[in-house]
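Student: Pasting model24.txt here (compact mmCIF, C-alpha atoms and all ligand atoms):
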# COMPACT_ATOMS: atom_id res chain seq x y z
CA MET A 247 3.14 -3.82 -22.26
CA GLN A 248 -0.54 -3.16 -22.80
CA ASN A 249 -2.83 -3.81 -19.86
CA ASN A 250 -5.68 -5.14 -21.92
CA MET A 251 -5.24 -8.66 -23.12
CA SER A 252 -7.40 -10.99 -25.21
CA ILE A 253 -7.08 -14.74 -24.92
CA ILE A 254 -7.93 -16.74 -28.02
CA GLY A 255 -7.99 -20.55 -27.92
CA VAL A 256 -7.47 -22.64 -31.04
CA PRO A 257 -8.36 -26.32 -30.45
CA MET A 258 -6.48 -27.40 -33.55
CA ASP A 259 -5.14 -30.93 -33.91
CA LEU A 260 -5.23 -31.29 -37.70
CA GLY A 261 -1.71 -29.99 -38.31
CA GLN A 262 -0.23 -33.27 -37.04
CA ASN A 263 -1.16 -36.92 -36.35
CA ARG A 264 -1.60 -37.22 -32.62
CA ARG A 265 -5.05 -36.52 -31.25
CA GLY A 266 -5.46 -34.65 -27.97
CA VAL A 267 -3.63 -31.39 -28.68
CA ASP A 268 -7.07 -29.92 -29.47
CA MET A 269 -7.59 -29.98 -25.69
CA GLY A 270 -4.55 -27.75 -25.15
CA PRO A 271 -6.52 -24.51 -24.69
CA SER A 272 -8.77 -26.18 -22.09
CA ALA A 273 -5.79 -27.60 -20.24
CA ILE A 274 -4.10 -24.20 -20.10
CA ARG A 275 -7.29 -22.53 -18.91
CA TYR A 276 -7.76 -25.29 -16.34
CA ALA A 277 -4.22 -24.61 -15.10
CA GLY A 278 -5.38 -21.08 -14.27
CA VAL A 279 -4.08 -18.79 -16.97
CA VAL A 280 -6.79 -16.14 -16.55
CA GLU A 281 -6.45 -15.92 -12.76
CA ARG A 282 -2.66 -15.81 -13.04
CA LEU A 283 -2.81 -12.82 -15.38
CA GLU A 284 -5.54 -11.07 -13.42
CA ASN A 285 -3.31 -11.29 -10.36
CA LEU A 286 -0.75 -9.34 -12.36
CA ALA A 287 -3.39 -6.63 -12.91
CA TYR A 288 -4.16 -7.37 -16.56
CA HIS A 289 -7.68 -6.89 -17.84
CA ILE A 290 -8.45 -10.17 -19.53
CA ALA A 291 -11.11 -10.93 -22.09
CA ASP A 292 -11.26 -14.65 -22.80
CA LEU A 293 -12.76 -14.79 -26.27
CA GLY A 294 -13.20 -18.55 -26.26
CA ASP A 295 -12.12 -20.82 -29.09
CA VAL A 296 -11.83 -20.48 -32.85
CA PRO A 297 -13.90 -23.22 -34.54
CA VAL A 298 -12.03 -26.16 -36.05
CA SER A 299 -13.83 -28.56 -38.37
CA ARG A 300 -13.40 -32.31 -38.49
CA PRO A 301 -10.59 -33.96 -40.45
CA ASP A 302 -10.87 -35.64 -43.78
CA SER A 303 -10.66 -39.41 -43.77
CA LYS A 304 -8.01 -40.26 -41.23
CA ASP A 305 -4.31 -39.84 -42.01
CA ASN A 306 -5.04 -39.26 -45.62
CA VAL A 307 -2.38 -36.90 -46.91
CA GLN A 308 -3.83 -34.90 -49.75
CA GLU A 309 -3.11 -31.98 -52.01
CA GLY A 310 0.62 -31.32 -52.22
CA ASN A 311 1.64 -33.39 -49.18
CA LEU A 312 -0.48 -31.20 -46.86
CA ARG A 313 -2.67 -33.10 -44.43
CA ASN A 314 -6.08 -31.47 -43.75
CA LEU A 315 -5.13 -28.38 -45.77
CA LYS A 316 -8.64 -27.00 -46.11
CA GLN A 317 -9.55 -27.25 -42.41
CA VAL A 318 -6.21 -25.85 -41.27
CA ALA A 319 -6.48 -22.94 -43.71
CA ASP A 320 -10.08 -22.17 -42.68
CA SER A 321 -9.36 -22.01 -38.96
CA ASN A 322 -6.26 -19.93 -39.53
CA GLN A 323 -8.25 -17.50 -41.62
CA GLN A 324 -10.65 -17.03 -38.71
CA LEU A 325 -7.88 -16.77 -36.17
CA ALA A 326 -6.09 -14.15 -38.28
CA LYS A 327 -9.24 -12.03 -38.38
CA MET A 328 -9.70 -12.25 -34.63
CA VAL A 329 -6.09 -11.40 -33.88
CA THR A 330 -6.20 -8.43 -36.18
CA GLN A 331 -9.40 -7.15 -34.54
CA GLU A 332 -7.92 -7.40 -31.05
CA ILE A 333 -4.77 -5.52 -32.04
CA HIS A 334 -6.97 -2.92 -33.65
CA LYS A 335 -8.74 -2.51 -30.30
CA ASN A 336 -5.34 -2.03 -28.67
CA ARG A 337 -5.49 -5.36 -26.91
CA PHE A 338 -2.54 -7.74 -26.56
CA PRO A 339 -3.39 -11.06 -28.27
CA LEU A 340 -2.44 -14.19 -26.32
CA VAL A 341 -3.17 -17.26 -28.45
CA LEU A 342 -3.41 -20.75 -26.92
CA GLY A 343 -2.98 -23.90 -29.03
CA GLY A 344 -3.56 -26.31 -30.41
CA ASP A 345 -0.79 -27.53 -32.67
CA HIS A 346 1.75 -25.11 -34.12
CA SER A 347 -0.03 -24.77 -37.47
CA ILE A 348 -2.04 -22.00 -35.77
CA ALA A 349 0.99 -19.72 -35.91
CA ILE A 350 0.04 -19.24 -39.57
CA GLY A 351 -3.10 -17.36 -38.52
CA SER A 352 -1.48 -15.55 -35.61
CA MET A 353 1.31 -14.23 -37.84
CA ALA A 354 -1.15 -13.23 -40.55
CA GLY A 355 -3.22 -11.23 -38.06
CA ILE A 356 -0.25 -9.63 -36.37
CA ALA A 357 1.89 -8.70 -39.34
CA LYS A 358 -0.91 -6.60 -40.83
CA HIS A 359 -0.28 -4.01 -38.12
CA TYR A 360 3.50 -3.62 -38.31
CA ASP A 361 5.88 -2.38 -40.99
CA ASN A 362 8.64 -4.63 -39.82
CA PRO A 363 7.43 -7.38 -37.51
CA GLY A 364 9.79 -9.83 -35.83
CA VAL A 365 9.29 -13.23 -34.27
CA ILE A 366 10.99 -15.33 -31.62
CA TRP A 367 10.42 -18.99 -32.41
CA TYR A 368 11.03 -20.96 -29.19
CA ASP A 369 10.98 -24.56 -30.40
CA ALA A 370 12.90 -27.82 -30.77
CA HIS A 371 11.99 -27.57 -34.47
CA GLY A 372 12.33 -24.97 -37.19
CA ASP A 373 8.84 -25.47 -38.61
CA LEU A 374 10.37 -24.38 -41.91
CA ASN A 375 9.10 -27.18 -44.12
CA SER A 376 6.79 -26.95 -47.11
CA GLY A 377 4.87 -29.65 -48.94
CA ASP A 378 8.01 -30.23 -50.99
CA THR A 379 10.38 -30.81 -48.08
CA SER A 380 8.13 -32.14 -45.29
CA PRO A 381 8.88 -35.70 -44.19
CA SER A 382 5.41 -35.99 -42.61
CA GLY A 383 2.89 -33.88 -44.52
CA ASN A 384 2.04 -32.27 -41.17
CA ILE A 385 1.31 -28.58 -41.44
CA HIS A 386 2.51 -27.91 -37.86
CA GLY A 387 6.01 -28.40 -39.28
CA MET A 388 5.47 -25.57 -41.78
CA PRO A 389 4.15 -22.34 -40.17
CA LEU A 390 7.42 -20.40 -40.13
CA ALA A 391 8.07 -21.16 -43.80
CA VAL A 392 4.48 -20.15 -44.58
CA SER A 393 5.05 -16.83 -42.78
CA LEU A 394 8.08 -16.28 -45.03
CA GLY A 395 5.80 -16.77 -48.03
CA ILE A 396 6.94 -20.33 -48.78
CA GLY A 397 4.25 -22.97 -49.23
CA HIS A 398 0.74 -23.49 -50.50
CA GLU A 399 -1.03 -20.29 -51.47
CA LYS A 400 -4.07 -21.23 -49.30
CA LEU A 401 -1.73 -20.85 -46.32
CA THR A 402 0.70 -18.13 -47.40
CA ASN A 403 -2.01 -15.79 -48.63
CA ILE A 404 -4.23 -15.62 -45.53
CA LEU A 405 -5.68 -12.09 -45.23
CA ASP A 406 -4.57 -11.60 -48.84
CA TYR A 407 -0.95 -10.66 -48.44
CA THR A 408 2.42 -12.39 -48.28
CA PRO A 409 5.04 -12.63 -46.83
CA LYS A 410 4.23 -11.93 -43.18
CA VAL A 411 7.79 -11.70 -41.91
CA LYS A 412 11.27 -11.18 -43.34
CA ALA A 413 13.90 -13.86 -42.81
CA GLU A 414 16.20 -11.38 -41.05
CA ASN A 415 13.52 -10.63 -38.45
CA ILE A 416 13.29 -14.24 -37.24
CA VAL A 417 15.16 -15.64 -34.25
CA ILE A 418 14.83 -19.37 -33.53
CA ILE A 419 15.73 -20.52 -30.01
CA GLY A 420 16.15 -24.11 -28.82
CA ALA A 421 16.40 -25.91 -32.18
CA ARG A 422 17.70 -29.46 -32.11
CA SER A 423 15.68 -31.28 -34.76
CA LEU A 424 15.91 -29.74 -38.23
CA ASP A 425 15.10 -31.58 -41.45
CA PRO A 426 17.51 -31.31 -44.42
CA GLY A 427 15.23 -28.89 -46.30
CA GLU A 428 14.95 -26.70 -43.22
CA LYS A 429 18.71 -26.52 -42.78
CA GLU A 430 19.05 -25.52 -46.40
CA LEU A 431 16.45 -22.76 -46.02
CA ILE A 432 18.14 -21.46 -42.87
CA ARG A 433 21.45 -21.23 -44.73
CA GLU A 434 19.93 -19.78 -47.88
CA GLN A 435 17.96 -17.08 -46.09
CA GLY A 436 20.43 -16.40 -43.29
CA ILE A 437 17.93 -17.03 -40.49
CA THR A 438 19.30 -16.52 -36.96
CA VAL A 439 19.20 -19.82 -35.04
CA TYR A 440 20.34 -20.28 -31.46
CA SER A 441 20.34 -24.07 -31.41
CA MET A 442 21.06 -26.07 -28.26
CA HIS A 443 24.71 -25.84 -29.30
CA GLU A 444 24.79 -22.04 -28.92
CA ILE A 445 22.66 -22.19 -25.78
CA ASP A 446 25.12 -24.60 -24.17
CA ARG A 447 28.13 -22.55 -25.23
CA LEU A 448 26.86 -19.07 -24.43
CA GLY A 449 24.18 -19.72 -21.83
CA MET A 450 20.55 -18.67 -22.10
CA SER A 451 21.30 -15.29 -20.55
CA GLN A 452 23.62 -14.24 -23.37
CA VAL A 453 21.46 -15.81 -26.07
CA MET A 454 18.37 -13.91 -24.93
CA ALA A 455 20.32 -10.67 -24.52
CA LYS A 456 21.55 -10.99 -28.11
CA ALA A 457 18.12 -11.94 -29.47
CA ILE A 458 16.41 -9.06 -27.69
CA ASP A 459 19.02 -6.52 -28.68
CA TYR A 460 18.89 -7.64 -32.31
CA LEU A 461 15.10 -7.56 -32.63
CA LYS A 462 14.73 -4.33 -30.66
CA GLN A 463 16.92 -2.48 -33.11
CA ARG A 464 15.32 -3.66 -36.31
CA THR A 465 11.62 -4.43 -35.72
CA ASP A 466 8.55 -2.44 -34.66
CA GLY A 467 6.70 -5.39 -33.07
CA VAL A 468 7.76 -8.80 -31.79
CA HIS A 469 5.68 -11.98 -31.59
CA LEU A 470 6.69 -14.85 -29.30
CA SER A 471 5.71 -18.24 -30.69
CA LEU A 472 6.48 -20.74 -27.94
CA ASP A 473 6.19 -24.43 -28.72
CA LEU A 474 6.25 -26.38 -25.44
CA ASP A 475 8.45 -29.01 -27.12
CA GLY A 476 11.25 -26.42 -27.01
CA LEU A 477 11.54 -27.48 -23.39
CA ASP A 478 12.99 -30.83 -22.45
CA PRO A 479 10.42 -33.66 -22.45
CA ASP A 480 11.26 -34.25 -18.75
CA GLU A 481 9.77 -30.83 -18.01
CA ALA A 482 7.12 -30.84 -20.72
CA PRO A 483 5.99 -34.42 -21.40
CA GLY A 484 2.62 -33.42 -22.83
CA VAL A 485 3.70 -32.73 -26.42
CA GLY A 486 3.25 -34.70 -29.63
CA THR A 487 6.79 -34.43 -31.03
CA PRO A 488 9.16 -34.51 -28.04
CA VAL A 489 12.90 -34.17 -28.65
CA ILE A 490 15.45 -35.14 -26.02
CA GLY A 491 18.08 -32.61 -24.87
CA GLY A 492 15.85 -29.56 -24.59
CA LEU A 493 15.66 -26.29 -22.73
CA SER A 494 15.26 -26.51 -18.98
CA TYR A 495 12.58 -25.09 -16.73
CA ARG A 496 15.08 -22.58 -15.40
CA GLU A 497 16.40 -21.49 -18.79
CA SER A 498 12.85 -21.02 -20.02
CA HIS A 499 11.75 -18.95 -17.03
CA LEU A 500 14.88 -16.82 -17.41
CA ALA A 501 14.06 -16.29 -21.10
CA MET A 502 10.52 -15.18 -20.20
CA GLU A 503 11.77 -12.87 -17.44
CA MET A 504 14.25 -11.25 -19.81
CA LEU A 505 11.54 -10.72 -22.42
CA SER A 506 9.32 -9.19 -19.76
CA GLU A 507 12.05 -6.78 -18.68
CA ALA A 508 12.89 -5.83 -22.26
CA ASP A 509 9.22 -5.05 -22.91
CA ILE A 510 9.46 -5.77 -26.65
CA LEU A 511 6.61 -8.24 -27.15
CA THR A 512 3.43 -7.19 -28.90
CA SER A 513 1.78 -10.64 -29.08
CA ALA A 514 2.41 -14.20 -27.91
CA GLU A 515 1.24 -17.77 -28.37
CA PHE A 516 1.77 -21.02 -26.47
CA VAL A 517 1.26 -24.17 -28.53
CA GLU A 518 1.48 -27.96 -28.70
CA VAL A 519 0.17 -28.72 -25.16
CA ASN A 520 -1.40 -32.18 -25.39
CA PRO A 521 -3.06 -33.17 -22.10
CA ILE A 522 -3.66 -36.75 -23.30
CA LEU A 523 0.10 -37.32 -23.48
CA ASP A 524 0.75 -35.33 -20.31
CA ASP A 525 1.37 -36.25 -16.71
CA GLN A 526 -1.24 -34.62 -14.41
CA ASN A 527 -1.48 -31.47 -16.57
CA LYS A 528 2.21 -30.77 -15.90
CA THR A 529 2.83 -29.22 -19.31
CA ALA A 530 -0.13 -26.83 -19.19
CA THR A 531 0.86 -25.87 -15.65
CA LEU A 532 4.37 -25.19 -16.90
CA ALA A 533 2.95 -23.07 -19.73
CA VAL A 534 0.96 -21.00 -17.25
CA GLY A 535 4.08 -20.54 -15.10
CA LEU A 536 6.00 -19.30 -18.15
CA ILE A 537 3.14 -16.97 -19.00
CA GLY A 538 3.38 -15.63 -15.43
CA SER A 539 7.08 -14.85 -15.86
CA LEU A 540 6.53 -13.41 -19.31
CA PHE A 541 3.97 -10.96 -17.99
CA GLY A 542 5.77 -9.73 -14.93
CA GLU A 543 5.98 -12.25 -12.09
CA LYS A 544 9.29 -11.91 -10.30
CA LEU A 545 11.10 -14.02 -7.72
CA LYS A 546 11.59 -11.05 -5.42
N1 LIG B 601 5.42 -27.70 -34.32
C1 LIG B 601 6.01 -28.86 -34.26
N2 LIG B 601 6.01 -29.58 -33.17
N3 LIG B 601 6.62 -29.30 -35.37
C2 LIG B 601 7.27 -30.57 -35.49
C3 LIG B 601 7.69 -30.82 -36.91
C4 LIG B 601 8.40 -32.11 -37.07
C5 LIG B 601 9.01 -32.35 -38.47
N4 LIG B 601 10.06 -31.40 -38.71
C6 LIG B 601 7.95 -32.25 -39.54
O1 LIG B 601 7.97 -31.34 -40.33
O2 LIG B 601 7.08 -33.08 -39.62
MN MN B 602 8.30 -28.21 -32.01
MN MN B 603 6.72 -25.91 -33.47
Show this structure as structure tokens.
Ligand SMILES: NC(=[NH2+])NCCC[C@H](N)C(=O)O
Ligand SMILES: [Mn+2]
Ligand SMILES: [Mn+2]
Tutor:
Amino acid sequence: MQNNMSIIGVPMDLGQNRRGVDMGPSAIRYAGVVERLENLAYHIADLGDVPVSRPDSKDNVQEGNLRNLKQVADSNQQLAKMVTQEIHKNRFPLVLGGDHSIAIGSMAGIAKHYDNPGVIWYDAHGDLNSGDTSPSGNIHGMPLAVSLGIGHEKLTNILDYTPKVKAENIVIIGARSLDPGEKELIREQGITVYSMHEIDRLGMSQVMAKAIDYLKQRTDGVHLSLDLDGLDPDEAPGVGTPVIGGLSYRESHLAMEMLSEADILTSAEFVEVNPILDDQNKTATLAVGLIGSLFGEKLK
């Protein structure tokens, strides 16, 4: 793993309906992310936050069932540029959300640099909707589909190319809430999904081993997109779309430790931390703990 790391915050809350997730980057910084990484001997540049403009008139779903399309697209455009610049400078981008719609910009910035990028999508959801299939009109339920080139051109074409990732280079871990259109897309495109069913049957250890082995063989860069709602709401209460029956604290730390050992990641993001819905910053603190394990903390 590179020793130089750039932290980019994205105080985005326009990809969904619940206010407060725009404070996610602050909450994660407050929980000590920079100090934690500096203790692991990384050279950190905290680049601050990407600007996010104000929403259109509240809850007004517009153009093609895409709430706040223009603002979400604009911020993602800026994020993509920043991510691409940091990779160009040989720095590892660590993006802090904000709602998951910011993965659109992260993926756009990252994929520019790799011939065959892969992504691990650690999430209760598939985020594989488009305006046509979304039950909510919330863009945070769409970023993985957008990265596949499915969706509104303002989103799919950020940095002027599409798609960002091939279906066979995606591994979803922790899924337990998929909409009908998402299930169809998963089947159609043959996307690898380790849902809670597979995790319970095989155990996280085997699931991660398989995911790592698979991506290592076929990709030349791997992005981790970790939605805190992948964890159980008991562990991570500060999220806007909690789903019961999630990944445990221990499973998640093990997953991060295995990724650290495998040394395959080239970028990462932690999203959906909402301190307004949280309990004493528990979820941001959890995120920082996972970041610690991901970047080399060990139990002994
Ligand atoms: N990143 C997230 N938390 N996504 C939740 C998406 C929920 C639902 N599938 C939707 O499209 O509205
Ligand atoms: Mn989710
Ligand atoms: Mn998500």
Student: Please measure the separation of CA of Ser423 (chain A) and CA of Ala319 (chain A), giving the value in Å to one decimal.
Tutor: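 Separating CA of Ser423 (chain A) from CA of Ala319 (chain A) is a distance of 25.3 Å.
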Student: Which residues are near Asn263 (chain A)? Cut-off 10 Å, only C-alpha atoms, ignore same chain within fewer than 4 positions. Put them as an NGL selection string.
Tutor: :A and (259 or 267 or 304-305 or 313 or 382-384 or 386 or 486-487)
Student: May I ask which of the residues A:Gly542, A:Pro426, A:Gly420, A:Gly355 is the closest one to Leu374 (chain A), counting only C-alpha atoms?
Tutor: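 Once distances to Leu374 (chain A) are computed over only C-alpha atoms, the minimum belongs to A:Pro426.
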Student: Could you please extract the residues within 10 Å of ligand MN 602 (chain B), counting all atoms listed in the file, and hand them back as a list in words?
Tutor: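 Counting all atoms listed in the file, the residues within 10 Å of ligand MN 602 (chain B) come out as Asp345, His346, Trp367, Tyr368, Asp369, Ala370, His371, Gly372, Asp373, His386, Gly387, Gly420, Ala421, Arg422, Ser423, Leu424, Leu472, Asp473, Leu474, Asp475, Gly476, Leu477, Val485, Gly486, Thr487, Pro488, Val489, Val517 and Glu518 of chain A.
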Student: I'd like the contact shell of Gly266 (chain A) - 9 Å cut-off, only C-alpha atoms, skipping same-chain residues fewer than 4 positions apart - returned as number ranges by chain.
Tutor: A: 259, 270, 344, 486, 519-523
Student: Grab the CA of Leu461 (chain A) to CA of Glu414 (chain A) distance for me, in Å with one decimal place.
Tutor: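 Result for CA of Leu461 (chain A) versus CA of Glu414 (chain A): 9.3 Å, one decimal.
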Student: Pick from A:Met251, A:Asn311, A:Ala413, A:Tyr407: nearest to Glu284 (chain A), with all atoms listed in the file counted?
Tutor: A:Met251
